[in-house]
Amino acid sequence: MRFSEEQIHRYSRQIILPGIGGKGQRKLQEAKVFVMGAGGLGSPAALYLAAAGVGTIGLADSDVVELHNLQRQILHRTADVGLPKVESGKRTLESLNPEVKVHTYPERITSANIREIIKAYDLVLDGSDNFPTRFLVNDACYFEKKTLISGAILRFDGQLSTFKPHAGGPCYRCLFPEPPPPGSVPSCQEAGVLGAVAGIIGILQANEALKEITGLGESMVGRFLMFNALNLSFHEVKIQRNPNCLLCGGNPRIRELIQYSQSCRGNVAA
Amino acid sequence: MTGEEVKGIVEKELNLKGKICPYTFIETMLTLEEMEPDKVLRVIIDYPPAACEVPQSLKNEGYEVLEVCPINGTDWVILVRNKEME
């Protein structure tokens with residue numbers, strides 16, 4: 001199908017890029033990306049995906065917009081306080097780019113529904129704000145063979161990696177075998193997060209998603225990026241598949257999804 | 001290149017009169033992407049900067065620009081050959 005004149009204008013600065021062209025833009029148009037969380041990470045990530053013309057975006061979040069979210073969750077406006085985040089997020093994304101189909105999942109994402117939901121997508125971006133969901137998303141992506149672009153933030157720090165164990169790379173559990181014990185990391189209220197840090201990591205997740213979709217550049221598979229805002233440093237370490245990984249190792253112990261209990265202790269900000 | 005020679009090799013014509021850069025280049029590139037390798041596209045433009053910028057951008061992208069010339073007081077024609085199969 002040919003691009004309309006309006007589409008050519010809308011995406012002109014992107015189509016013109018070496019390696020994208022019409023073929024790359026079409027890949028974006030046909031891509032389906034699931035964004036877990038319409039919060040600090042999901043907001044900037046989904047905005048840039050929609051702006052770039054990713055054809056279908058799935059947005060999952062069971063929370064409503066609260067005033068204290070607005071310092072970093074840029075999908076939502078002051079007038080949206082009290083609305084389900086997915087509803088507010090869908091409206092913002094569609095007002096930015098009406099061509100994008102936004103599917104919303106206001107229900108809680110659990111071991112009972114996640115595999116069925118992500119089946120319909122090519123790529124998963126995790127912007128969840130707690131460890132139970134983070135591990136659930138990783139395990140579901142492993143079982144469904146979906147590429148996972150994982151971002152995390154806390155205070156002034158951020159982390160990013162791409163997990164593609166179905167293509168030979170490590171999974172999240174190769175690095176972090178189990179959720180941390182309750183109380184070992186600051187609670188959601190104690191921790192805090194600088195809004196711009198959420199923006200930086202969320203946009204990097206969108207960047208990696210656009211690269212995975214178009215096949216451009218060097219994937220973050222096997223690479224783990226750590227960011228600190230206070231000294232503005234990016235530090236990268238190589239990561240490898242753990243042959244003894246509980247999930248993707250040679251003798252896996254985890255053969256089905258685990259529903260870890262959700263408590264405020266052990267949350268990360270998003 | 002004579003008019004007869006051009007007529008023989010041109011596969012498709014793209015009229016971009018009234019369009020400005022970078023639209024002119026992008027529409028040209030998108031049209032070439034849909035054409036068979038090695039085929040020639042004839043592009044007509046009337047936006048003066050495009051007479052320089054479109055051929056240069058096409059060359060940067062690896063296309064062979066065969067000819068750029070004015071055809072009357074306002075319009076230019078650009079002949080460009082599509083890339084071989086990548």
# chains A, B, ... in the order shown; residues from 1 in each chain; ligands from 1
$ interface_residues --of "chain A" --to "chain B" --cutoff "10 Å" --atoms "only C-alpha atoms" --output "VMD selection string"
chain A and resid 2 to 3 5 8 to 9 11 to 13 15 to 19 21 to 23
$ write_last_selection --atoms "N, CA and C atoms" --output "short mmCIF file (atom, residue, chain, number, x, y, z; two decimals), in the first residue's frame"
data_model
loop_
_atom_site.label_atom_id
_atom_site.label_comp_id
_atom_site.auth_asym_id
_atom_site.auth_seq_id
_atom_site.Cartn_x
_atom_site.Cartn_y
_atom_site.Cartn_z
N ARG A 2 0.54 2.19 -0.83
CA ARG A 2 1.34 3.42 -0.91
C ARG A 2 1.05 4.32 0.30
N PHE A 3 2.05 5.09 0.67
CA PHE A 3 1.85 6.07 1.74
C PHE A 3 1.06 7.25 1.19
N GLU A 5 -0.02 11.28 1.06
CA GLU A 5 0.81 12.48 1.11
C GLU A 5 0.98 12.94 2.57
N ILE A 8 3.56 10.82 4.27
CA ILE A 8 4.93 11.17 3.85
C ILE A 8 5.38 12.43 4.58
N HIS A 9 4.47 13.39 4.70
CA HIS A 9 4.82 14.61 5.45
C HIS A 9 5.07 14.30 6.92
N TYR A 11 5.98 11.57 8.46
CA TYR A 11 7.16 10.77 8.78
C TYR A 11 8.39 11.16 7.96
N SER A 12 8.34 12.32 7.28
CA SER A 12 9.40 12.65 6.31
C SER A 12 10.79 12.63 6.94
N ARG A 13 10.93 13.18 8.15
CA ARG A 13 12.28 13.26 8.75
C ARG A 13 12.77 11.89 9.21
N ILE A 15 11.59 8.83 7.39
CA ILE A 15 11.72 8.05 6.16
C ILE A 15 13.04 8.38 5.46
N ILE A 16 13.47 9.64 5.60
CA ILE A 16 14.67 10.12 4.91
C ILE A 16 15.95 9.53 5.53
N LEU A 17 15.83 8.96 6.73
CA LEU A 17 17.02 8.44 7.40
C LEU A 17 17.59 7.23 6.67
N PRO A 18 18.94 7.15 6.59
CA PRO A 18 19.54 5.97 5.96
C PRO A 18 19.09 4.70 6.65
N GLY A 19 18.65 3.75 5.87
CA GLY A 19 18.25 2.46 6.44
C GLY A 19 16.78 2.37 6.80
N GLY A 21 13.75 4.56 5.17
CA GLY A 21 13.05 4.60 3.88
C GLY A 21 11.62 4.12 4.00
N GLY A 22 11.00 3.83 2.88
CA GLY A 22 9.62 3.35 2.88
C GLY A 22 9.50 1.98 3.52
N LYS A 23 10.53 1.14 3.30
CA LYS A 23 10.46 -0.23 3.83
C LYS A 23 10.46 -0.23 5.36
#
$ residues_around --residues "B:Cys52" --least-positions-apart "6" --cutoff "12 Å" --atoms "only C-alpha atoms" --output "PyMOL selection string"
chain B and resi 21-22+24-25+45-46+58-59+65+67-70+76-78
$ select_by_dssp --residues "stretch 42-188 of chain A" --states "strand (DSSP E)" --output "PDB file with C-alpha atoms, in the first residue's frame"
ATOM      1  CA  THR A  56      -0.441  -0.981  17.085  1.00  0.00           C
ATOM      2  CA  ILE A  57       0.348  -0.205  20.701  1.00  0.00           C
ATOM      3  CA  GLY A  58      -1.028  -2.225  23.601  1.00  0.00           C
ATOM      4  CA  LEU A  59      -1.170  -0.282  26.845  1.00  0.00           C
ATOM      5  CA  ALA A  60      -1.631  -2.136  30.147  1.00  0.00           C
ATOM      6  CA  LYS A 101      -4.319   1.729  17.028  1.00  0.00           C
ATOM      7  CA  VAL A 102      -4.163   1.720  20.826  1.00  0.00           C
ATOM      8  CA  HIS A 103      -5.510  -1.350  22.615  1.00  0.00           C
ATOM      9  CA  THR A 104      -6.010  -0.885  26.328  1.00  0.00           C
ATOM     10  CA  TYR A 105      -5.779  -3.410  29.159  1.00  0.00           C
ATOM     11  CA  LEU A 123       7.626  -6.863  21.085  1.00  0.00           C
ATOM     12  CA  VAL A 124       7.141  -6.136  24.802  1.00  0.00           C
ATOM     13  CA  LEU A 125       8.358  -3.030  26.637  1.00  0.00           C
ATOM     14  CA  ASP A 126       8.414  -3.442  30.382  1.00  0.00           C
ATOM     15  CA  THR A 147      11.581  -9.833  22.572  1.00  0.00           C
ATOM     16  CA  LEU A 148      11.568  -7.908  25.867  1.00  0.00           C
ATOM     17  CA  ILE A 149      12.936  -4.407  26.197  1.00  0.00           C
ATOM     18  CA  SER A 150      13.331  -3.868  29.893  1.00  0.00           C
ATOM     19  CA  GLY A 151      13.765  -0.552  31.651  1.00  0.00           C
ATOM     20  CA  ALA A 152      13.957   0.259  35.347  1.00  0.00           C
ATOM     21  CA  ILE A 153      14.445   3.422  37.362  1.00  0.00           C
ATOM     22  CA  LEU A 154      14.994   4.344  40.984  1.00  0.00           C
ATOM     23  CA  ASP A 157      19.463   5.788  38.391  1.00  0.00           C
ATOM     24  CA  GLY A 158      18.193   3.858  35.433  1.00  0.00           C
ATOM     25  CA  GLN A 159      18.836   0.501  33.763  1.00  0.00           C
ATOM     26  CA  LEU A 160      18.120  -0.845  30.330  1.00  0.00           C
ATOM     27  CA  SER A 161      18.564  -4.068  28.399  1.00  0.00           C
ATOM     28  CA  THR A 162      16.950  -6.153  25.675  1.00  0.00           C
ATOM     29  CA  PHE A 163      16.195  -9.802  26.377  1.00  0.00           C
TER      30      PHE A 163
END
$ select_by_dssp --residues "stretch 3-78 of chain B" --states "helix (DSSP H, G or I)" --output "ChimeraX atom specification"
/B:3-9,23-34,48-60
$ atom_distance --atom1 "atom CA of A:Ala31" --atom2 "atom CA of A:Lys85"
22.8 Å
$ residues_around --residues "A:Glu107" --least-positions-apart "3" --cutoff "10 Å" --atoms "only C-alpha atoms" --output "JSON, numbers by chain"
{"A": [60, 61, 62, 63, 86, 104, 110, 113]}
$ closest_residue --among "A:Gly169, A:Pro179, A:Gly217, A:Gly42" --to "A:Arg134" --atoms "only C-alpha atoms"
A:Pro179
$ atom_distance --atom1 "atom CA of A:Ile213" --atom2 "atom CA of A:Phe156"
29.3 Å
$ atom_distance --atom1 "atom CA of A:Val137" --atom2 "atom CA of A:Val65"
22.4 Å
$ residues_around --residues "A:His76" --least-positions-apart "4" --cutoff "10 Å" --atoms "only C-alpha atoms" --output "list in words"
Ala38, Gly39, Ser43, Val65, Glu66, Leu67, Asn69, Leu70, Gln71, Arg72, Asp80, Val81, Leu83, Lys85, Val86, Glu87, Ser88, Gly89, Lys90, Arg91 and Thr92 of chain A
$ decode --residues "stretch 19-66 of chain B" --atoms "N, CA and C atoms" --output "tab-separated table (two decimals), in the first residue's frame"
chain	number	residue	atom	x	y	z
B	19	LYS	N	5.41	20.62	-5.36
B	19	LYS	CA	5.91	20.04	-4.10
B	19	LYS	C	7.29	20.60	-3.77
B	20	ILE	N	7.57	20.69	-2.47
B	20	ILE	CA	8.87	21.23	-2.06
B	20	ILE	C	9.68	20.17	-1.32
B	21	CYS	N	10.94	20.51	-1.03
B	21	CYS	CA	11.82	19.59	-0.32
B	21	CYS	C	11.46	19.56	1.17
B	22	PRO	N	11.62	18.45	1.89
B	22	PRO	CA	12.19	17.20	1.40
B	22	PRO	C	11.16	16.25	0.78
B	23	TYR	N	9.90	16.73	0.67
B	23	TYR	CA	8.86	15.85	0.12
B	23	TYR	C	9.27	15.30	-1.24
B	24	THR	N	9.87	16.20	-2.08
B	24	THR	CA	10.24	15.79	-3.45
B	24	THR	C	11.16	14.57	-3.43
B	25	PHE	N	12.18	14.62	-2.57
B	25	PHE	CA	13.13	13.51	-2.50
B	25	PHE	C	12.46	12.26	-1.94
B	26	ILE	N	11.67	12.44	-0.88
B	26	ILE	CA	11.08	11.26	-0.22
B	26	ILE	C	10.12	10.54	-1.16
B	27	GLU	N	9.28	11.31	-1.85
B	27	GLU	CA	8.33	10.69	-2.79
B	27	GLU	C	9.09	9.98	-3.91
B	28	THR	N	10.20	10.58	-4.37
B	28	THR	CA	11.03	9.94	-5.40
B	28	THR	C	11.60	8.62	-4.88
B	29	MET	N	12.14	8.67	-3.67
B	29	MET	CA	12.75	7.46	-3.09
B	29	MET	C	11.70	6.36	-2.87
B	30	LEU	N	10.52	6.75	-2.39
B	30	LEU	CA	9.46	5.75	-2.15
B	30	LEU	C	9.01	5.13	-3.47
B	31	THR	N	8.96	5.94	-4.52
B	31	THR	CA	8.56	5.42	-5.84
B	31	THR	C	9.62	4.44	-6.36
B	32	LEU	N	10.89	4.81	-6.18
B	32	LEU	CA	11.97	3.92	-6.64
B	32	LEU	C	11.94	2.59	-5.87
B	33	GLU	N	11.64	2.66	-4.57
B	33	GLU	CA	11.59	1.43	-3.76
B	33	GLU	C	10.57	0.43	-4.30
B	34	GLU	N	9.53	0.96	-4.95
B	34	GLU	CA	8.47	0.09	-5.46
B	34	GLU	C	8.73	-0.37	-6.89
B	35	MET	N	9.76	0.18	-7.52
B	35	MET	CA	10.05	-0.18	-8.91
B	35	MET	C	11.03	-1.34	-8.98
B	36	GLU	N	11.08	-1.97	-10.13
B	36	GLU	CA	12.02	-3.07	-10.36
B	36	GLU	C	13.45	-2.52	-10.34
B	37	PRO	N	14.43	-3.35	-9.93
B	37	PRO	CA	15.82	-2.90	-9.96
B	37	PRO	C	16.22	-2.45	-11.37
B	38	ASP	N	17.09	-1.47	-11.42
B	38	ASP	CA	17.69	-1.00	-12.69
B	38	ASP	C	16.76	-0.18	-13.59
B	39	LYS	N	15.48	-0.10	-13.24
B	39	LYS	CA	14.55	0.66	-14.08
B	39	LYS	C	14.75	2.15	-13.85
B	40	VAL	N	14.33	2.96	-14.84
B	40	VAL	CA	14.57	4.40	-14.77
B	40	VAL	C	13.27	5.15	-14.47
B	41	LEU	N	13.39	6.11	-13.56
B	41	LEU	CA	12.26	6.96	-13.17
B	41	LEU	C	12.51	8.38	-13.68
B	42	ARG	N	11.47	8.97	-14.24
B	42	ARG	CA	11.56	10.36	-14.71
B	42	ARG	C	10.76	11.21	-13.72
B	43	VAL	N	11.44	12.16	-13.09
B	43	VAL	CA	10.80	13.00	-12.08
B	43	VAL	C	10.73	14.43	-12.60
B	44	ILE	N	9.55	15.02	-12.49
B	44	ILE	CA	9.41	16.42	-12.91
B	44	ILE	C	9.18	17.28	-11.67
B	45	ILE	N	9.98	18.32	-11.56
B	45	ILE	CA	9.88	19.22	-10.39
B	45	ILE	C	9.83	20.67	-10.88
B	46	ASP	N	9.28	21.56	-10.03
B	46	ASP	CA	9.32	22.99	-10.37
B	46	ASP	C	9.77	23.84	-9.18
B	47	TYR	N	10.28	23.17	-8.14
B	47	TYR	CA	10.78	23.89	-6.98
B	47	TYR	C	12.30	24.03	-7.17
B	48	PRO	N	12.80	25.25	-7.43
B	48	PRO	CA	14.20	25.41	-7.84
B	48	PRO	C	15.22	24.68	-6.96
B	49	PRO	N	15.14	24.78	-5.59
B	49	PRO	CA	16.18	24.08	-4.80
B	49	PRO	C	16.19	22.57	-5.03
B	50	ALA	N	15.03	22.01	-5.41
B	50	ALA	CA	14.95	20.55	-5.61
B	50	ALA	C	15.82	20.10	-6.78
B	51	ALA	N	16.09	21.00	-7.73
B	51	ALA	CA	16.91	20.61	-8.88
B	51	ALA	C	18.32	20.25	-8.44
B	52	CYS	N	18.78	20.83	-7.33
B	52	CYS	CA	20.10	20.48	-6.77
B	52	CYS	C	19.96	19.40	-5.70
B	53	GLU	N	18.99	19.62	-4.81
B	53	GLU	CA	18.92	18.78	-3.61
B	53	GLU	C	18.45	17.35	-3.90
B	54	VAL	N	17.48	17.18	-4.78
B	54	VAL	CA	16.98	15.83	-5.05
B	54	VAL	C	18.07	14.96	-5.70
B	55	PRO	N	18.74	15.45	-6.75
B	55	PRO	CA	19.80	14.61	-7.33
B	55	PRO	C	20.91	14.29	-6.32
B	56	GLN	N	21.28	15.28	-5.50
B	56	GLN	CA	22.34	15.05	-4.52
B	56	GLN	C	21.91	14.00	-3.50
B	57	SER	N	20.68	14.13	-3.00
B	57	SER	CA	20.20	13.16	-2.01
B	57	SER	C	20.08	11.77	-2.62
B	58	LEU	N	19.66	11.70	-3.88
B	58	LEU	CA	19.57	10.39	-4.55
B	58	LEU	C	20.95	9.76	-4.68
B	59	LYS	N	21.95	10.57	-5.04
B	59	LYS	CA	23.33	10.05	-5.15
B	59	LYS	C	23.80	9.56	-3.78
B	60	ASN	N	23.50	10.33	-2.73
B	60	ASN	CA	23.92	9.93	-1.37
B	60	ASN	C	23.32	8.58	-0.98
B	61	GLU	N	22.14	8.30	-1.50
B	61	GLU	CA	21.46	7.04	-1.18
B	61	GLU	C	21.89	5.92	-2.12
B	62	GLY	N	22.80	6.22	-3.04
B	62	GLY	CA	23.34	5.19	-3.91
B	62	GLY	C	22.61	5.01	-5.23
B	63	TYR	N	21.73	5.94	-5.56
B	63	TYR	CA	21.05	5.86	-6.86
B	63	TYR	C	21.92	6.53	-7.94
B	64	GLU	N	21.76	6.08	-9.18
B	64	GLU	CA	22.51	6.67	-10.30
B	64	GLU	C	21.63	7.73	-10.96
B	65	VAL	N	22.06	8.99	-10.86
B	65	VAL	CA	21.33	10.07	-11.50
B	65	VAL	C	21.84	10.21	-12.94
B	66	LEU	N	20.95	9.99	-13.90
B	66	LEU	CA	21.38	9.98	-15.30
B	66	LEU	C	21.36	11.37	-15.90
